[in-house]
Amino acid sequence: MITPDISKFANVTKVTTHVLQEMKLKNEKIAMLTAYDYSMARLLDKAGIDVILVGDSASNVMAGHTSTLPITLNEMIYHATSVVRAVKRALVITDMPFGTYQGNSKEALISAIRIMKESGADAVKMEGGREILESVDRILSAGIPVMGHLGLTPQSIHKFGTYVVRATEENEARKLVEDAHLLENAGCFGIVLEKIPAKLAAQVAEEIKIPIIGIGAGPDVDGQVLVLHDMLGITQEFSPRFLRRYHNLSEEIQGSVKSYIRDVKTVDFPNEREKY
Ligand code: KIV
């Protein structure tokens, strides 16, 4: 559990969007990680994480797809429901999956309501700026908190063609800053900035009053998010510069499984004490 020497918000019993805003005002960095299931979410929450994102990265990490596009609304609701069952303190944000909000604000509202009603999540996250503003507006008008996501937006990978750093050119950088203002003015409670130059991210975090959470956006933003399976070293094939690995769980898990296989084959397991 986090203690008051690390966080001024250690004693908060439930993180809300208002708590995140307070954190920004008090210069406390927000720690956010993804989770997709009950067991992991429980560990993260007990450790004191501020925000859990039920990311559509579940499409890659949990289901083995090569992009976030195939995951469905029902699958996201299943993951979110499992996470919500485990969490007491963290704010739980659920990604709206590809195809459930782009280009049709009525369908967007129906999708967001399903996420909130069926999973019990605290908020939704959507990728894009001006293109999705009508959907953002409609969802906000129903009282559902919305987080934006700009920069590298993986649901548009087929438009971009690659996962390289975004907004390095002046035009794209200008559009990103404008979009961040549009999302803030619409009433979003925060924005994720993914894989953009640190200087640009710092400018956005300075200009925009709502919390800005970075992934590959440098240190001068209001918080950081990583994909849990990447930072624990369960996934190995993905190694961008921004990823800090805190563990090498893929080796540890394989080592444990090999030991188990050996123990079963040699009839070392179960032993006298492990039987009835
Ligand atoms: O789906 C996800 O994990 C995300 C993070 C990369 C921010 O959107």
# chains A, B, ... in the order shown; residues from 1 in each chain; ligands from 1
$ select_by_dssp --residues "region 33-183 of chain A" --states "strand (DSSP E)" --output "list in words"
Leu33, Thr34, Val51, Ile52, Leu53, Val54, Leu91, Val92, Ile93, Thr94, Asp95, Ala123, Val124, Lys125, Met126, Glu127, Val146, Met147, Gly148, His149, Leu150 and Gly151 of chain A
$ residues_around --residues "Leu228 (chain A)" --least-positions-apart "2" --cutoff "10 Å" --atoms "only C-alpha atoms" --output "list in words"
Met32, Leu33, Thr34, Ala35, Tyr36, Met40, Leu44, Ile52, Leu53, Val61, Val225, Leu226, Asp230, Met231, Leu232, Gly233, Ile234, Thr235, Arg245 and Tyr246 of chain A
$ write_last_selection --atoms "N, CA, C and O atoms" --output "PDB file, in the first residue's frame"
ATOM      1  N   MET A  32      -1.031   5.161 -13.266  1.00  0.00           N
ATOM      2  CA  MET A  32      -2.123   4.408 -13.933  1.00  0.00           C
ATOM      3  C   MET A  32      -1.527   3.190 -14.626  1.00  0.00           C
ATOM      4  O   MET A  32      -0.416   3.261 -15.166  1.00  0.00           O
ATOM      5  N   LEU A  33      -2.208   2.060 -14.556  1.00  0.00           N
ATOM      6  CA  LEU A  33      -1.779   0.831 -15.243  1.00  0.00           C
ATOM      7  C   LEU A  33      -3.007   0.176 -15.848  1.00  0.00           C
ATOM      8  O   LEU A  33      -4.128   0.402 -15.384  1.00  0.00           O
ATOM      9  N   THR A  34      -2.784  -0.694 -16.814  1.00  0.00           N
ATOM     10  CA  THR A  34      -3.911  -1.459 -17.357  1.00  0.00           C
ATOM     11  C   THR A  34      -4.132  -2.702 -16.512  1.00  0.00           C
ATOM     12  O   THR A  34      -3.211  -3.200 -15.855  1.00  0.00           O
ATOM     13  N   ALA A  35      -5.362  -3.210 -16.533  1.00  0.00           N
ATOM     14  CA  ALA A  35      -5.665  -4.552 -16.011  1.00  0.00           C
ATOM     15  C   ALA A  35      -6.902  -5.032 -16.746  1.00  0.00           C
ATOM     16  O   ALA A  35      -7.721  -4.214 -17.196  1.00  0.00           O
ATOM     17  N   TYR A  36      -6.993  -6.347 -16.860  1.00  0.00           N
ATOM     18  CA  TYR A  36      -8.097  -6.904 -17.649  1.00  0.00           C
ATOM     19  C   TYR A  36      -8.837  -8.019 -16.902  1.00  0.00           C
ATOM     20  O   TYR A  36      -9.774  -8.596 -17.425  1.00  0.00           O
ATOM     21  N   MET A  40      -5.358  -9.727 -11.215  1.00  0.00           N
ATOM     22  CA  MET A  40      -4.360  -8.656 -11.401  1.00  0.00           C
ATOM     23  C   MET A  40      -4.905  -7.333 -10.858  1.00  0.00           C
ATOM     24  O   MET A  40      -4.185  -6.583 -10.196  1.00  0.00           O
ATOM     25  N   LEU A  44      -3.143  -4.775  -8.095  1.00  0.00           N
ATOM     26  CA  LEU A  44      -2.849  -3.363  -8.396  1.00  0.00           C
ATOM     27  C   LEU A  44      -3.538  -2.444  -7.386  1.00  0.00           C
ATOM     28  O   LEU A  44      -2.937  -1.479  -6.897  1.00  0.00           O
ATOM     29  N   ILE A  52      -6.955   2.394 -12.802  1.00  0.00           N
ATOM     30  CA  ILE A  52      -6.823   1.166 -13.600  1.00  0.00           C
ATOM     31  C   ILE A  52      -7.559   1.395 -14.910  1.00  0.00           C
ATOM     32  O   ILE A  52      -8.731   1.789 -14.923  1.00  0.00           O
ATOM     33  N   LEU A  53      -6.834   1.159 -16.001  1.00  0.00           N
ATOM     34  CA  LEU A  53      -7.437   1.267 -17.324  1.00  0.00           C
ATOM     35  C   LEU A  53      -7.715  -0.134 -17.853  1.00  0.00           C
ATOM     36  O   LEU A  53      -6.784  -0.942 -17.999  1.00  0.00           O
ATOM     37  N   VAL A  61      -2.995  -8.280 -25.707  1.00  0.00           N
ATOM     38  CA  VAL A  61      -2.378  -8.938 -24.556  1.00  0.00           C
ATOM     39  C   VAL A  61      -3.141 -10.189 -24.110  1.00  0.00           C
ATOM     40  O   VAL A  61      -2.543 -11.210 -23.791  1.00  0.00           O
ATOM     41  N   VAL A 225       1.020   6.115 -17.695  1.00  0.00           N
ATOM     42  CA  VAL A 225       0.310   4.837 -17.817  1.00  0.00           C
ATOM     43  C   VAL A 225       1.193   3.869 -18.607  1.00  0.00           C
ATOM     44  O   VAL A 225       1.909   4.279 -19.518  1.00  0.00           O
ATOM     45  N   LEU A 226       1.181   2.609 -18.195  1.00  0.00           N
ATOM     46  CA  LEU A 226       1.845   1.553 -18.966  1.00  0.00           C
ATOM     47  C   LEU A 226       0.906   0.356 -19.043  1.00  0.00           C
ATOM     48  O   LEU A 226       0.004   0.206 -18.208  1.00  0.00           O
ATOM     49  N   ASP A 230       3.391  -5.501 -20.198  1.00  0.00           N
ATOM     50  CA  ASP A 230       4.689  -5.029 -20.722  1.00  0.00           C
ATOM     51  C   ASP A 230       5.620  -4.673 -19.567  1.00  0.00           C
ATOM     52  O   ASP A 230       6.790  -5.055 -19.565  1.00  0.00           O
ATOM     53  N   MET A 231       5.113  -3.935 -18.571  1.00  0.00           N
ATOM     54  CA  MET A 231       5.997  -3.474 -17.491  1.00  0.00           C
ATOM     55  C   MET A 231       6.409  -4.618 -16.562  1.00  0.00           C
ATOM     56  O   MET A 231       7.444  -4.555 -15.908  1.00  0.00           O
ATOM     57  N   LEU A 232       5.609  -5.694 -16.537  1.00  0.00           N
ATOM     58  CA  LEU A 232       5.990  -6.860 -15.725  1.00  0.00           C
ATOM     59  C   LEU A 232       6.868  -7.835 -16.511  1.00  0.00           C
ATOM     60  O   LEU A 232       7.337  -8.832 -15.958  1.00  0.00           O
ATOM     61  N   GLY A 233       7.060  -7.565 -17.800  1.00  0.00           N
ATOM     62  CA  GLY A 233       7.905  -8.454 -18.607  1.00  0.00           C
ATOM     63  C   GLY A 233       7.233  -9.777 -18.928  1.00  0.00           C
ATOM     64  O   GLY A 233       7.893 -10.785 -19.145  1.00  0.00           O
ATOM     65  N   ILE A 234       5.889  -9.777 -18.958  1.00  0.00           N
ATOM     66  CA  ILE A 234       5.184 -10.994 -19.395  1.00  0.00           C
ATOM     67  C   ILE A 234       5.232 -11.041 -20.923  1.00  0.00           C
ATOM     68  O   ILE A 234       5.492 -12.073 -21.522  1.00  0.00           O
ATOM     69  N   THR A 235       5.003  -9.884 -21.556  1.00  0.00           N
ATOM     70  CA  THR A 235       5.193  -9.789 -23.005  1.00  0.00           C
ATOM     71  C   THR A 235       6.661  -9.474 -23.242  1.00  0.00           C
ATOM     72  O   THR A 235       7.270  -8.728 -22.467  1.00  0.00           O
ATOM     73  N   ARG A 245      10.779  -1.923 -17.875  1.00  0.00           N
ATOM     74  CA  ARG A 245      10.354  -3.236 -17.374  1.00  0.00           C
ATOM     75  C   ARG A 245      10.755  -3.370 -15.913  1.00  0.00           C
ATOM     76  O   ARG A 245      11.930  -3.259 -15.588  1.00  0.00           O
ATOM     77  N   TYR A 246       9.776  -3.637 -15.056  1.00  0.00           N
ATOM     78  CA  TYR A 246      10.044  -3.757 -13.620  1.00  0.00           C
ATOM     79  C   TYR A 246      10.284  -5.195 -13.202  1.00  0.00           C
ATOM     80  O   TYR A 246      10.607  -5.456 -12.052  1.00  0.00           O
TER      81      TYR A 246
END
$ residues_around --residues "Phe189 (chain A)" --least-positions-apart "4" --cutoff "9 Å" --atoms "only C-alpha atoms" --output "list in words"
Thr17, His18, Leu20, Gln21, Pro145, Val146, Met147, Gly148, Leu183, Glu184, Ile210 and Pro211 of chain A
$ residues_around --residues "region 110-115 of chain A" --least-positions-apart "3" --cutoff "7 Å" --atoms "only C-alpha atoms" --output "PyMOL selection string"
chain A and resi 77+100+106-107+118-119+121+124+139
$ closest_residue --among "A:Val19, A:Leu140, A:Val87, A:Val192" --to "ligand 1" --atoms "only C-alpha atoms and all ligand atoms"
A:Val192
$ residues_near_ligand --ligand "ligand 1" --cutoff "8 Å" --atoms "only C-alpha atoms and all ligand atoms" --output "ChimeraX atom specification"
/A:34,53-58,68,95,125,149,153-154,192-194,214-215,225-227
$ closest_residue --among "A:Asp122, A:Glu178, A:Glu75, A:Glu127" --to "Val204 (chain A)" --atoms "only C-alpha atoms"
A:Glu178
$ residues_around --residues "Glu172 (chain A)" --least-positions-apart "5" --cutoff "12 Å" --atoms "only C-alpha atoms" --output "list of chain:residue names"
A:Gly129, A:Leu150, A:Gly151, A:Leu152, A:Val165, A:Arg166, A:Ala167, A:Val177, A:Glu178, A:Asp179, A:Ile196, A:Pro197, A:Leu200
$ write_last_selection --atoms "C-alpha atoms" --output "compact mmCIF listing (two decimals), in the first residue's frame"
# COMPACT_ATOMS: atom_id res chain seq x y z
CA GLY A 129 -10.15 14.70 -31.17
CA LEU A 150 -4.53 11.72 -28.54
CA GLY A 151 -1.21 11.20 -30.32
CA LEU A 152 -0.66 7.60 -31.31
CA VAL A 165 6.17 8.71 -32.78
CA ARG A 166 3.27 11.04 -33.67
CA ALA A 167 3.02 14.84 -33.99
CA VAL A 177 -2.95 20.94 -29.16
CA GLU A 178 -6.23 22.20 -30.65
CA ASP A 179 -7.85 18.80 -30.11
CA ILE A 196 4.56 12.13 -28.88
CA PRO A 197 7.60 14.39 -28.31
CA LEU A 200 4.86 18.93 -26.97
$ select_by_dssp --residues "region 60-202 of chain A" --states "alpha helix (DSSP H)" --output "PDB file with C-alpha atoms, in the first residue's frame"
ATOM      1  CA  ASN A  60      -3.367  -7.889 -28.058  1.00  0.00           C
ATOM      2  CA  VAL A  61      -2.378  -8.938 -24.556  1.00  0.00           C
ATOM      3  CA  LEU A  73     -17.975  -4.320 -26.768  1.00  0.00           C
ATOM      4  CA  ASN A  74     -19.138  -7.519 -25.042  1.00  0.00           C
ATOM      5  CA  GLU A  75     -15.523  -8.610 -24.528  1.00  0.00           C
ATOM      6  CA  MET A  76     -14.562  -5.209 -23.090  1.00  0.00           C
ATOM      7  CA  ILE A  77     -17.559  -5.367 -20.740  1.00  0.00           C
ATOM      8  CA  TYR A  78     -16.477  -8.856 -19.621  1.00  0.00           C
ATOM      9  CA  HIS A  79     -12.950  -7.585 -18.803  1.00  0.00           C
ATOM     10  CA  ALA A  80     -14.265  -4.434 -17.109  1.00  0.00           C
ATOM     11  CA  THR A  81     -16.749  -6.378 -14.988  1.00  0.00           C
ATOM     12  CA  SER A  82     -13.968  -8.683 -13.746  1.00  0.00           C
ATOM     13  CA  VAL A  83     -11.773  -5.695 -12.877  1.00  0.00           C
ATOM     14  CA  VAL A  84     -14.535  -3.752 -11.121  1.00  0.00           C
ATOM     15  CA  ARG A  85     -15.299  -6.770  -8.895  1.00  0.00           C
ATOM     16  CA  ALA A  86     -11.729  -6.570  -7.560  1.00  0.00           C
ATOM     17  CA  SER A 105     -22.975   9.564 -31.566  1.00  0.00           C
ATOM     18  CA  LYS A 106     -26.239   7.738 -30.782  1.00  0.00           C
ATOM     19  CA  GLU A 107     -24.506   4.380 -30.977  1.00  0.00           C
ATOM     20  CA  ALA A 108     -21.638   5.862 -28.936  1.00  0.00           C
ATOM     21  CA  LEU A 109     -24.022   6.768 -26.127  1.00  0.00           C
ATOM     22  CA  ILE A 110     -25.642   3.322 -26.190  1.00  0.00           C
ATOM     23  CA  SER A 111     -22.167   1.698 -26.022  1.00  0.00           C
ATOM     24  CA  ALA A 112     -21.031   3.928 -23.147  1.00  0.00           C
ATOM     25  CA  ILE A 113     -24.235   3.291 -21.205  1.00  0.00           C
ATOM     26  CA  ARG A 114     -23.779  -0.471 -21.646  1.00  0.00           C
ATOM     27  CA  ILE A 115     -20.201  -0.222 -20.292  1.00  0.00           C
ATOM     28  CA  MET A 116     -21.264   1.810 -17.266  1.00  0.00           C
ATOM     29  CA  LYS A 117     -24.447  -0.179 -16.496  1.00  0.00           C
ATOM     30  CA  GLU A 118     -23.132  -3.703 -17.080  1.00  0.00           C
ATOM     31  CA  SER A 119     -19.568  -3.391 -15.752  1.00  0.00           C
ATOM     32  CA  LEU A 133     -16.489  15.395 -30.502  1.00  0.00           C
ATOM     33  CA  GLU A 134     -20.201  14.801 -31.153  1.00  0.00           C
ATOM     34  CA  SER A 135     -19.948  11.367 -29.488  1.00  0.00           C
ATOM     35  CA  VAL A 136     -17.940  12.818 -26.577  1.00  0.00           C
ATOM     36  CA  ASP A 137     -20.586  15.537 -26.088  1.00  0.00           C
ATOM     37  CA  ARG A 138     -23.486  13.117 -26.146  1.00  0.00           C
ATOM     38  CA  ILE A 139     -21.848  10.717 -23.670  1.00  0.00           C
ATOM     39  CA  LEU A 140     -20.910  13.563 -21.333  1.00  0.00           C
ATOM     40  CA  SER A 141     -24.475  14.859 -21.473  1.00  0.00           C
ATOM     41  CA  ILE A 157      -3.334   2.133 -37.029  1.00  0.00           C
ATOM     42  CA  HIS A 158      -4.586   1.394 -40.550  1.00  0.00           C
ATOM     43  CA  LYS A 159      -4.752   5.149 -41.239  1.00  0.00           C
ATOM     44  CA  PHE A 160      -1.270   5.850 -39.791  1.00  0.00           C
ATOM     45  CA  GLU A 170       4.234  21.215 -36.963  1.00  0.00           C
ATOM     46  CA  ASN A 171       0.803  20.674 -38.554  1.00  0.00           C
ATOM     47  CA  GLU A 172       0.067  17.520 -36.616  1.00  0.00           C
ATOM     48  CA  ALA A 173       1.408  19.059 -33.389  1.00  0.00           C
ATOM     49  CA  ARG A 174      -0.846  22.095 -33.836  1.00  0.00           C
ATOM     50  CA  LYS A 175      -3.880  19.878 -34.475  1.00  0.00           C
ATOM     51  CA  LEU A 176      -3.074  17.823 -31.362  1.00  0.00           C
ATOM     52  CA  VAL A 177      -2.950  20.936 -29.157  1.00  0.00           C
ATOM     53  CA  GLU A 178      -6.232  22.197 -30.650  1.00  0.00           C
ATOM     54  CA  ASP A 179      -7.855  18.796 -30.109  1.00  0.00           C
ATOM     55  CA  ALA A 180      -6.694  18.749 -26.477  1.00  0.00           C
ATOM     56  CA  HIS A 181      -8.396  22.131 -25.957  1.00  0.00           C
ATOM     57  CA  LEU A 182     -11.569  20.887 -27.666  1.00  0.00           C
ATOM     58  CA  LEU A 183     -11.706  17.817 -25.405  1.00  0.00           C
ATOM     59  CA  GLU A 184     -11.092  19.940 -22.322  1.00  0.00           C
ATOM     60  CA  ASN A 185     -13.791  22.448 -23.327  1.00  0.00           C
ATOM     61  CA  ALA A 186     -16.231  19.623 -24.055  1.00  0.00           C
ATOM     62  CA  ALA A 198       8.131  15.191 -24.604  1.00  0.00           C
ATOM     63  CA  LYS A 199       8.279  18.932 -25.311  1.00  0.00           C
ATOM     64  CA  LEU A 200       4.864  18.935 -26.970  1.00  0.00           C
ATOM     65  CA  ALA A 201       3.359  16.851 -24.149  1.00  0.00           C
ATOM     66  CA  ALA A 202       4.777  19.302 -21.593  1.00  0.00           C
TER      67      ALA A 202
END
$ residues_around --residues "region 2-6 of chain A" --least-positions-apart "5" --cutoff "12 Å" --atoms "only C-alpha atoms" --output "PyMOL selection string"
chain A and resi 11-12+28-31+44-50+89
$ closest_residue --among "A:Gly161, A:Val221, A:Gly255, A:Val51" --to "Glu207 (chain A)" --atoms "only C-alpha atoms"
A:Val221
$ decode --residues "region 222-238 of chain A" --atoms "N, CA, C and O atoms" --output "PDB file, in the first residue's frame"
ATOM      1  N   ASP A 222       1.034  14.984 -16.182  1.00  0.00           N
ATOM      2  CA  ASP A 222       0.494  14.856 -14.821  1.00  0.00           C
ATOM      3  C   ASP A 222       0.482  13.422 -14.301  1.00  0.00           C
ATOM      4  O   ASP A 222       0.147  13.192 -13.137  1.00  0.00           O
ATOM      5  N   GLY A 223       0.807  12.468 -15.157  1.00  0.00           N
ATOM      6  CA  GLY A 223       0.847  11.085 -14.701  1.00  0.00           C
ATOM      7  C   GLY A 223       1.331  10.185 -15.819  1.00  0.00           C
ATOM      8  O   GLY A 223       1.563  10.649 -16.953  1.00  0.00           O
ATOM      9  N   GLN A 224       1.491   8.915 -15.494  1.00  0.00           N
ATOM     10  CA  GLN A 224       2.007   7.951 -16.478  1.00  0.00           C
ATOM     11  C   GLN A 224       1.102   6.737 -16.516  1.00  0.00           C
ATOM     12  O   GLN A 224       0.509   6.357 -15.504  1.00  0.00           O
ATOM     13  N   VAL A 225       1.020   6.115 -17.695  1.00  0.00           N
ATOM     14  CA  VAL A 225       0.310   4.837 -17.817  1.00  0.00           C
ATOM     15  C   VAL A 225       1.193   3.869 -18.607  1.00  0.00           C
ATOM     16  O   VAL A 225       1.909   4.279 -19.518  1.00  0.00           O
ATOM     17  N   LEU A 226       1.181   2.609 -18.195  1.00  0.00           N
ATOM     18  CA  LEU A 226       1.845   1.553 -18.966  1.00  0.00           C
ATOM     19  C   LEU A 226       0.906   0.356 -19.043  1.00  0.00           C
ATOM     20  O   LEU A 226       0.004   0.206 -18.208  1.00  0.00           O
ATOM     21  N   VAL A 227       1.155  -0.485 -20.033  1.00  0.00           N
ATOM     22  CA  VAL A 227       0.419  -1.746 -20.132  1.00  0.00           C
ATOM     23  C   VAL A 227       1.059  -2.719 -19.138  1.00  0.00           C
ATOM     24  O   VAL A 227       2.268  -2.949 -19.169  1.00  0.00           O
ATOM     25  N   LEU A 228       0.253  -3.255 -18.232  1.00  0.00           N
ATOM     26  CA  LEU A 228       0.754  -4.080 -17.125  1.00  0.00           C
ATOM     27  C   LEU A 228       1.645  -5.227 -17.605  1.00  0.00           C
ATOM     28  O   LEU A 228       2.741  -5.451 -17.070  1.00  0.00           O
ATOM     29  N   HIS A 229       1.185  -5.940 -18.628  1.00  0.00           N
ATOM     30  CA  HIS A 229       1.934  -7.112 -19.088  1.00  0.00           C
ATOM     31  C   HIS A 229       3.284  -6.731 -19.690  1.00  0.00           C
ATOM     32  O   HIS A 229       4.211  -7.532 -19.678  1.00  0.00           O
ATOM     33  N   ASP A 230       3.391  -5.501 -20.198  1.00  0.00           N
ATOM     34  CA  ASP A 230       4.689  -5.029 -20.722  1.00  0.00           C
ATOM     35  C   ASP A 230       5.620  -4.673 -19.567  1.00  0.00           C
ATOM     36  O   ASP A 230       6.790  -5.055 -19.565  1.00  0.00           O
ATOM     37  N   MET A 231       5.113  -3.935 -18.571  1.00  0.00           N
ATOM     38  CA  MET A 231       5.997  -3.474 -17.491  1.00  0.00           C
ATOM     39  C   MET A 231       6.409  -4.618 -16.562  1.00  0.00           C
ATOM     40  O   MET A 231       7.444  -4.555 -15.908  1.00  0.00           O
ATOM     41  N   LEU A 232       5.609  -5.694 -16.537  1.00  0.00           N
ATOM     42  CA  LEU A 232       5.990  -6.860 -15.725  1.00  0.00           C
ATOM     43  C   LEU A 232       6.868  -7.835 -16.511  1.00  0.00           C
ATOM     44  O   LEU A 232       7.337  -8.832 -15.958  1.00  0.00           O
ATOM     45  N   GLY A 233       7.060  -7.565 -17.800  1.00  0.00           N
ATOM     46  CA  GLY A 233       7.905  -8.454 -18.607  1.00  0.00           C
ATOM     47  C   GLY A 233       7.233  -9.777 -18.928  1.00  0.00           C
ATOM     48  O   GLY A 233       7.893 -10.785 -19.145  1.00  0.00           O
ATOM     49  N   ILE A 234       5.889  -9.777 -18.958  1.00  0.00           N
ATOM     50  CA  ILE A 234       5.184 -10.994 -19.395  1.00  0.00           C
ATOM     51  C   ILE A 234       5.232 -11.041 -20.923  1.00  0.00           C
ATOM     52  O   ILE A 234       5.492 -12.073 -21.522  1.00  0.00           O
ATOM     53  N   THR A 235       5.003  -9.884 -21.556  1.00  0.00           N
ATOM     54  CA  THR A 235       5.193  -9.789 -23.005  1.00  0.00           C
ATOM     55  C   THR A 235       6.661  -9.474 -23.242  1.00  0.00           C
ATOM     56  O   THR A 235       7.270  -8.728 -22.467  1.00  0.00           O
ATOM     57  N   GLN A 236       7.249 -10.014 -24.276  1.00  0.00           N
ATOM     58  CA  GLN A 236       8.684  -9.829 -24.514  1.00  0.00           C
ATOM     59  C   GLN A 236       8.958  -9.185 -25.867  1.00  0.00           C
ATOM     60  O   GLN A 236       9.975  -8.523 -26.055  1.00  0.00           O
ATOM     61  N   GLU A 237       8.012  -9.360 -26.792  1.00  0.00           N
ATOM     62  CA  GLU A 237       8.279  -8.962 -28.178  1.00  0.00           C
ATOM     63  C   GLU A 237       8.148  -7.444 -28.394  1.00  0.00           C
ATOM     64  O   GLU A 237       8.614  -6.922 -29.389  1.00  0.00           O
ATOM     65  N   PHE A 238       7.588  -6.735 -27.398  1.00  0.00           N
ATOM     66  CA  PHE A 238       7.301  -5.306 -27.542  1.00  0.00           C
ATOM     67  C   PHE A 238       8.280  -4.523 -26.668  1.00  0.00           C
ATOM     68  O   PHE A 238       8.236  -4.615 -25.451  1.00  0.00           O
TER      69      PHE A 238
END
